[in-house]
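Enquirer: Quick one, structure.pdb (PDB, C-alpha atoms):
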```pdb
ATOM      1  CA  MET A   1       6.076  22.424  15.254
ATOM      2  CA  ALA A   2       3.872  25.489  14.733
ATOM      3  CA  LEU A   3       2.694  24.026  11.420
ATOM      4  CA  ALA A   4       1.928  20.697  13.100
ATOM      5  CA  ARG A   5      -0.152  22.504  15.706
ATOM      6  CA  ALA A   6      -2.059  24.407  12.998
ATOM      7  CA  GLU A   7      -2.808  21.096  11.271
ATOM      8  CA  ARG A   8      -4.139  19.631  14.514
ATOM      9  CA  GLU A   9      -6.274  22.704  15.104
ATOM     10  CA  ASP A  10      -7.853  22.119  11.680
ATOM     11  CA  LEU A  11      -8.375  18.475  12.618
ATOM     12  CA  HIS A  12     -10.084  19.554  15.833
ATOM     13  CA  ASP A  13     -12.453  21.814  13.889
ATOM     14  CA  LEU A  14     -13.296  18.843  11.673
ATOM     15  CA  LEU A  15     -13.858  16.326  14.453
ATOM     16  CA  VAL A  16     -16.153  18.444  16.613
ATOM     17  CA  GLY A  17     -18.545  18.718  13.688
ATOM     18  CA  LEU A  18     -18.737  15.015  12.808
ATOM     19  CA  SER A  19     -21.933  13.066  13.395
ATOM     20  CA  PRO A  20     -21.911   9.638  15.084
ATOM     21  CA  GLU A  21     -22.428   8.076  11.653
ATOM     22  CA  GLN A  22     -19.378   9.869  10.280
ATOM     23  CA  TRP A  23     -17.230   8.687  13.188
ATOM     24  CA  ARG A  24     -18.223   5.116  12.283
ATOM     25  CA  ALA A  25     -17.703   5.581   8.537
ATOM     26  CA  PRO A  26     -14.811   3.846   6.759
ATOM     27  CA  SER A  27     -11.633   5.803   6.120
ATOM     28  CA  LEU A  28      -9.040   5.366   3.381
ATOM     29  CA  CYS A  29      -7.058   3.143   5.772
ATOM     30  CA  ALA A  30      -8.186  -0.403   5.012
ATOM     31  CA  GLY A  31     -10.358  -1.809   7.790
ATOM     32  CA  TRP A  32     -10.216   1.374   9.860
ATOM     33  CA  SER A  33     -13.146   3.641  10.646
ATOM     34  CA  VAL A  34     -12.779   7.393  11.089
ATOM     35  CA  LYS A  35     -12.648   6.794  14.857
ATOM     36  CA  ASP A  36      -9.885   4.219  14.377
ATOM     37  CA  VAL A  37      -7.798   6.703  12.403
ATOM     38  CA  VAL A  38      -8.172   9.373  15.078
ATOM     39  CA  ALA A  39      -7.309   6.887  17.822
ATOM     40  CA  HIS A  40      -4.219   5.850  15.860
ATOM     41  CA  MET A  41      -3.129   9.449  15.302
ATOM     42  CA  LEU A  42      -3.321  10.280  19.004
ATOM     43  CA  GLY A  43      -2.490   6.896  20.474
ATOM     44  CA  TYR A  44       1.217   7.570  20.866
ATOM     45  CA  GLU A  45       0.916  10.984  22.504
ATOM     46  CA  GLU A  46       0.694   9.560  26.024
ATOM     47  CA  LEU A  47       3.588   7.116  25.700
ATOM     48  CA  GLY A  48       7.044   7.885  27.004
ATOM     49  CA  TRP A  49      10.064   6.571  25.145
ATOM     50  CA  GLY A  50      10.284   3.501  27.380
ATOM     51  CA  GLN A  51       6.625   2.629  26.792
ATOM     52  CA  LEU A  52       7.073   3.248  23.094
ATOM     53  CA  ALA A  53      10.044   0.886  22.977
ATOM     54  CA  GLN A  54       7.952  -1.795  24.703
ATOM     55  CA  ARG A  55       5.196  -1.469  22.084
ATOM     56  CA  PHE A  56       7.675  -1.742  19.228
ATOM     57  CA  ALA A  57       9.255  -4.820  20.806
ATOM     58  CA  ARG A  58       5.826  -6.452  21.205
ATOM     59  CA  GLY A  59       5.101  -5.634  17.583
ATOM     60  CA  LEU A  60       8.413  -7.172  16.482
ATOM     61  CA  PHE A  61       9.417  -3.727  15.198
ATOM     62  CA  LEU A  62       6.957  -4.020  12.302
ATOM     63  CA  VAL A  63       5.118  -0.716  11.933
ATOM     64  CA  ASP A  64       1.772  -2.179  10.856
ATOM     65  CA  ARG A  65       1.834  -4.683  13.711
ATOM     66  CA  VAL A  66       2.799  -2.032  16.272
ATOM     67  CA  ASN A  67      -0.005   0.233  15.039
ATOM     68  CA  ALA A  68      -2.548  -2.592  15.249
ATOM     69  CA  LEU A  69      -1.507  -3.421  18.805
ATOM     70  CA  ARG A  70      -1.737   0.192  19.941
ATOM     71  CA  LEU A  71      -5.092   0.656  18.217
ATOM     72  CA  ARG A  72      -6.507  -2.256  20.182
ATOM     73  CA  GLU A  73      -5.323  -0.587  23.380
ATOM     74  CA  CYS A  74      -7.184   2.608  22.434
ATOM     75  CA  ALA A  75     -10.290   0.977  20.958
ATOM     76  CA  SER A  76     -12.561   1.673  23.933
ATOM     77  CA  ARG A  77     -12.179   5.456  23.768
ATOM     78  CA  THR A  78     -15.231   7.396  22.686
ATOM     79  CA  PRO A  79     -15.214  10.206  20.120
ATOM     80  CA  ASP A  80     -15.603  12.753  22.931
ATOM     81  CA  GLU A  81     -12.620  11.289  24.741
ATOM     82  CA  LEU A  82     -10.538  11.413  21.559
ATOM     83  CA  VAL A  83     -11.438  15.056  20.980
ATOM     84  CA  GLU A  84     -10.458  15.815  24.571
ATOM     85  CA  LEU A  85      -7.149  14.009  24.048
ATOM     86  CA  LEU A  86      -6.529  16.068  20.923
ATOM     87  CA  GLU A  87      -7.236  19.275  22.837
ATOM     88  CA  THR A  88      -4.610  18.235  25.369
ATOM     89  CA  HIS A  89      -2.066  17.483  22.646
ATOM     90  CA  LEU A  90      -2.532  20.144  20.005
ATOM     91  CA  VAL A  91       1.258  20.395  20.101
ATOM     92  CA  PRO A  92       2.700  16.965  19.212
ATOM     93  CA  THR A  93       4.645  15.130  21.908
ATOM     94  CA  GLY A  94       6.713  11.974  21.962
ATOM     95  CA  LEU A  95       6.932  10.090  18.688
ATOM     96  CA  THR A  96       4.949  12.611  16.648
ATOM     97  CA  ALA A  97       7.200  15.428  17.829
ATOM     98  CA  GLY A  98      10.083  13.815  15.968
ATOM     99  CA  MET A  99      11.995  15.697  13.260
ATOM    100  CA  GLY A 100      11.007  19.007  14.819
ATOM    101  CA  GLY A 101       7.308  18.277  14.434
ATOM    102  CA  ALA A 102       7.578  17.126  10.804
ATOM    103  CA  ILE A 103       6.247  13.693  11.731
ATOM    104  CA  GLY A 104       3.221  15.182  13.475
ATOM    105  CA  LEU A 105       2.551  17.537  10.575
ATOM    106  CA  THR A 106       2.860  14.916   7.850
ATOM    107  CA  ASP A 107       1.124  12.075   9.674
ATOM    108  CA  GLY A 108      -1.650  14.437  10.746
ATOM    109  CA  MET A 109      -2.175  15.824   7.267
ATOM    110  CA  ILE A 110      -2.265  12.447   5.529
ATOM    111  CA  HIS A 111      -4.616  10.954   8.109
ATOM    112  CA  GLN A 112      -6.885  13.977   8.097
ATOM    113  CA  GLN A 113      -7.275  13.432   4.365
ATOM    114  CA  ASP A 114      -7.857   9.722   5.030
ATOM    115  CA  ILE A 115     -10.913  10.927   6.948
ATOM    116  CA  ARG A 116     -12.030  13.783   4.719
ATOM    117  CA  ARG A 117     -11.843  12.105   1.335
ATOM    118  CA  PRO A 118     -14.351   9.269   1.980
ATOM    119  CA  LEU A 119     -16.668  11.737   3.738
ATOM    120  CA  GLY A 120     -16.506  14.165   0.803
ATOM    121  CA  LEU A 121     -15.196  16.974   3.018
ATOM    122  CA  ALA A 122     -12.681  18.825   0.878
ATOM    123  CA  ARG A 123     -10.466  21.607   2.165
ATOM    124  CA  ASP A 124      -7.688  23.936   1.048
ATOM    125  CA  ILE A 125      -4.366  23.087   2.706
ATOM    126  CA  PRO A 126      -1.921  26.006   2.961
ATOM    127  CA  ALA A 127       1.159  25.572   0.772
ATOM    128  CA  GLU A 128       3.385  26.396   3.745
ATOM    129  CA  ARG A 129       2.206  23.144   5.326
ATOM    130  CA  LEU A 130       2.018  21.040   2.186
ATOM    131  CA  VAL A 131       5.595  21.637   1.055
ATOM    132  CA  PRO A 132       7.297  20.296   4.221
ATOM    133  CA  ALA A 133       4.745  17.465   4.424
ATOM    134  CA  LEU A 134       5.588  16.430   0.865
ATOM    135  CA  ARG A 135       9.286  16.469   1.660
ATOM    136  CA  THR A 136       8.769  14.331   4.767
ATOM    137  CA  ALA A 137       6.463  11.880   2.980
ATOM    138  CA  LEU A 138       9.060  11.409   0.256
ATOM    139  CA  PHE A 139      11.963  10.627   2.560
ATOM    140  CA  ALA A 140      10.686   9.561   6.002
ATOM    141  CA  PRO A 141      11.848   5.966   6.715
ATOM    142  CA  THR A 142       8.335   4.729   7.539
ATOM    143  CA  LEU A 143       6.888   5.971   4.237
ATOM    144  CA  LEU A 144       9.734   6.165   1.703
ATOM    145  CA  GLY A 145       7.278   7.622  -0.764
ATOM    146  CA  VAL A 146      10.142   8.458  -3.100
ATOM    147  CA  LEU A 147      10.169   4.791  -4.138
ATOM    148  CA  ARG A 148       6.567   5.051  -5.361
ATOM    149  CA  VAL A 149       7.329   8.041  -7.549
ATOM    150  CA  ARG A 150      10.861   7.314  -8.737
ATOM    151  CA  ASP A 151      11.747   8.184 -12.326
ATOM    152  CA  VAL A 152       8.887  10.691 -12.745
ATOM    153  CA  ARG A 153       8.642  14.427 -12.250
ATOM    154  CA  LEU A 154       5.901  15.506  -9.850
ATOM    155  CA  VAL A 155       4.428  18.931 -10.606
ATOM    156  CA  ALA A 156       1.872  20.590  -8.342
ATOM    157  CA  THR A 157      -0.761  22.522 -10.269
ATOM    158  CA  ASP A 158      -1.882  24.709  -7.377
ATOM    159  CA  MET A 159       1.444  25.871  -5.949
ATOM    160  CA  ASP A 160       5.070  26.343  -6.917
ATOM    161  CA  TRP A 161       6.445  22.879  -6.219
ATOM    162  CA  SER A 162       7.984  20.071  -8.234
ATOM    163  CA  PHE A 163      10.201  17.084  -7.596
ATOM    164  CA  GLY A 164      12.089  14.454  -9.560
ATOM    165  CA  ARG A 165      13.041  13.733 -13.140
ATOM    166  CA  GLY A 166      11.232  11.889 -15.883
ATOM    167  CA  PRO A 167       7.774  12.018 -17.443
ATOM    168  CA  GLU A 168       5.519  14.481 -15.657
ATOM    169  CA  VAL A 169       2.783  13.640 -13.189
ATOM    170  CA  ARG A 170       0.580  16.658 -12.509
ATOM    171  CA  GLY A 171      -2.025  17.269  -9.821
ATOM    172  CA  THR A 172      -2.808  19.315  -6.749
ATOM    173  CA  GLY A 173      -0.285  19.238  -3.945
ATOM    174  CA  GLU A 174      -2.757  17.319  -1.795
ATOM    175  CA  ALA A 175      -3.371  14.665  -4.469
ATOM    176  CA  ILE A 176       0.372  14.259  -4.963
ATOM    177  CA  LEU A 177       0.906  13.934  -1.195
ATOM    178  CA  MET A 178      -1.732  11.231  -0.901
ATOM    179  CA  THR A 179      -0.260   9.358  -3.868
ATOM    180  CA  VAL A 180       3.236   9.582  -2.382
ATOM    181  CA  ALA A 181       1.740   8.169   0.838
ATOM    182  CA  GLY A 182       0.338   5.190  -1.080
ATOM    183  CA  ARG A 183      -3.328   6.194  -1.271
ATOM    184  CA  ARG A 184      -4.734   4.961  -4.590
ATOM    185  CA  ASP A 185      -7.819   7.121  -4.098
ATOM    186  CA  ALA A 186      -5.893  10.150  -5.393
ATOM    187  CA  LEU A 187      -4.594   8.573  -8.604
ATOM    188  CA  ASP A 188      -7.641   9.585 -10.647
ATOM    189  CA  GLU A 189      -6.862  13.222  -9.857
ATOM    190  CA  LEU A 190      -3.416  13.022 -11.460
ATOM    191  CA  SER A 191      -2.545  13.438 -15.122
ATOM    192  CA  GLY A 192       0.480  13.459 -17.373
ATOM    193  CA  PRO A 193       2.622  10.897 -19.178
ATOM    194  CA  GLY A 194       4.136   9.563 -15.940
ATOM    195  CA  ARG A 195       0.800   8.764 -14.308
ATOM    196  CA  THR A 196       0.611   5.231 -15.722
ATOM    197  CA  ARG A 197       4.007   4.412 -14.252
ATOM    198  CA  VAL A 198       2.975   5.563 -10.775
ATOM    199  CA  ALA A 199      -0.408   3.812 -11.004
ATOM    200  CA  ARG A 200       1.243   0.557 -11.997
ATOM    201  CA  ARG A 201       3.504   0.694  -8.947
ATOM    202  CA  ALA A 202       0.449   1.350  -6.783
ATOM    203  CA  GLY A 203      -1.226  -1.775  -8.148
ATOM    204  CA  ALA A 204      -4.017   0.244  -9.785
TER     205      ALA A 204
END
```
Spit out the file's structure as structure tokens when you get a sec.
Expert:
Amino acid sequence: MALARAEREDLHDLLVGLSPEQWRAPSLCAGWSVKDVVAHMLGYEELGWGQLAQRFARGLFLVDRVNALRLRECASRTPDELVELLETHLVPTGLTAGMGGAIGLTDGMIHQQDIRRPLGLARDIPAERLVPALRTALFAPTLLGVLRVRDVRLVATDMDWSFGRGPEVRGTGEAILMTVAGRRDALDELSGPGRTRVARRAGA
């Protein structure tokens, strides 16, 4: 949970410095602006478990549909209101507090990169946060990233981390995380004999 809070503090530092044009800019999430991504990230913080169950039922328990419904509910919020909501929920609550904060950490890290990458705002992510985020992205039921990278060996070039068996795929921990999460944008930053296999599964 402490790592998830640190990730949200970094997100806060990013958001308070964005211009109106950057808030409107497209993110890596298809059809979503930067503002949409932030609204999605924070949209579940205010929902109790009963309200959450209602949203999932309305969305027929399909994650993409549930997310789209909740995003529409939050669409009217301004950037200032979203920053204020983040300040109130620097520690994840509800759904994002699941798995001891691992959901908040991993979801927050992936979506922060969904914002940063198109805006060209690189950063160094501490290995102590990346390692548990990679583990969660590989095995969390909503991502199941392990299926995208099966039969290859992932090797981080900027920290002591590897996973899997097979031909190697090398890259920074962040690029591997984004690939595991299904973001094709990071594929060009990977190398090794297993890269073609992963790219083919990603439809690239």
Enquirer: Could you check which of A:Gly101, A:Pro118, A:Gly43, A:Gly203 is closest to Leu28 in chain A, using all atoms listed in the file?
Expert: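 With all atoms listed in the file as the atom set, the closest residue is A:Pro118.
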Enquirer: Starting from the shown file, work through the PyMOL selection byres ((chain A and resi 80) around 12) and note down what comes out as a list in words.
Expert: His12, Leu15, Val16, Gly17, Leu18, Ser19, Pro20, Trp23, Lys35, Val38, Ala39, Ser76, Arg77, Thr78, Pro79, Glu81, Leu82, Val83, Glu84, Leu85, Leu86 and Glu87 of chain A
Enquirer: Nearest residue to Val152 in chain A out of A:Ile125, A:Leu134, A:Ala199, A:Met1, using all atoms listed in the file?
Expert: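 That would be A:Ala199, the residue with the smallest distance to Val152 in chain A.
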Enquirer: On this structure, which residues satisfy the PyMOL selection byres ((chain A and resi 129) around 10), written as a count of residues only?
Expert: 18
Enquirer: Which residues match the PyMOL selection byres ((chain A and resi 172) around 12) in the file above, as a PyMOL selection string?
Expert: chain A and resi 123-127+130-131+134+154-162+169-171+173-179+186-191
Enquirer: Considering only C-alpha atoms, state which residue in the set A:Asp36, A:Asp10, A:Asp64, A:Glu45 is at the smallest distance from Leu143 in chain A.
Expert: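 For Leu143 in chain A, the nearest of the candidates is A:Asp64.
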Enquirer: To one decimal place in Å, what is the distance between CA of Arg183 in chain A and CA of Gly120 in chain A?
Expert: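 Here the two named atoms are 15.5 Å from each other.
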Enquirer: So how many Å separate CA of His89 in chain A and CA of Leu119 in chain A, to one decimal?
Expert: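 Those two atoms sit 24.6 Å apart.
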Enquirer: Using all atoms listed in the file, which of the listed residues (A:His40, A:Arg153, A:Arg165, A:Arg135) sits closest to His111 in chain A?
Expert: A:His40
Enquirer: Quote the spacing between CA of Ala30 in chain A and CA of Arg150 in chain A in Å to one decimal place.
Expert: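 Separation of CA of Ala30 in chain A and CA of Arg150 in chain A: 24.7 Å.
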Enquirer: Counting all atoms listed in the file, figure out which residue out of A:Arg24, A:Ile115, A:Met41, A:Arg200 gets nearest to Cys74 in chain A.
Expert: A:Met41
Enquirer: My list of candidates is A:Arg201, A:Ile103, A:Ala122, A:Gln112. Which is closest to Val149 in chain A when distances are computed with only C-alpha atoms?
Expert: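 So, comparing all the options, the nearest one is A:Arg201.
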Enquirer: Extract, using all atoms listed in the file, all DNA, RNA and protein residues at most 8 Å from Pro193 in chain A, discarding same-chain residues fewer than 3 positions from it, and format them as number ranges by chain.
Expert: A: 167-169, 196
